[in-house]
Amino acid sequence: MGEQRPAETISCNEYQQLFDACESAREILRVHRAQMYHSLSTDEATVDKVLRSQVKYAQAYLLLRNHVQSCLTCSAVP
């Protein structure tokens, strides 16, 4: 996600919900990647977990990015 907005930035409630969902998906992806990395054998179920987590994170990030670009409140913030 690159850079985060400063705490004093004004954003709408939907932005905060989407941001939280994106951060949660990113943390889950991080945990699943770490499990796969530290696993002695990478089984298909572990790989599937990582791939599903990547998809969920990508979807959450896309929703957040699209919201920022289309929301009048969020796009008005410099």
# chains A, B, ... in the order shown; residues from 1 in each chain; ligands from 1
$ residues_around --residues "A:Lys56" --least-positions-apart "2" --cutoff "10 Å" --atoms "only C-alpha atoms" --output "ChimeraX atom specification"
/A:21-22,24-26,28-29,50-54,58-62
$ atom_distance --atom1 "atom CA of A:Cys74" --atom2 "atom CA of A:Tyr57"
20.9 Å
$ select_by_dssp --residues "chain A" --states "alpha helix (DSSP H)" --output "ChimeraX atom specification"
/A:13-38,44-70,72-75
$ atom_distance --atom1 "atom CA of A:Leu64" --atom2 "atom CA of A:Arg30"
18.8 Å
$ closest_residue --among "A:Val55, A:His67, A:Lys49, A:Asp20" --to "A:Ala34" --atoms "only C-alpha atoms"
A:Lys49
$ closest_residue --among "A:Thr46, A:Gln35, A:Asn66, A:Ser41" --to "A:Leu18" --atoms "only C-alpha atoms"
A:Asn66
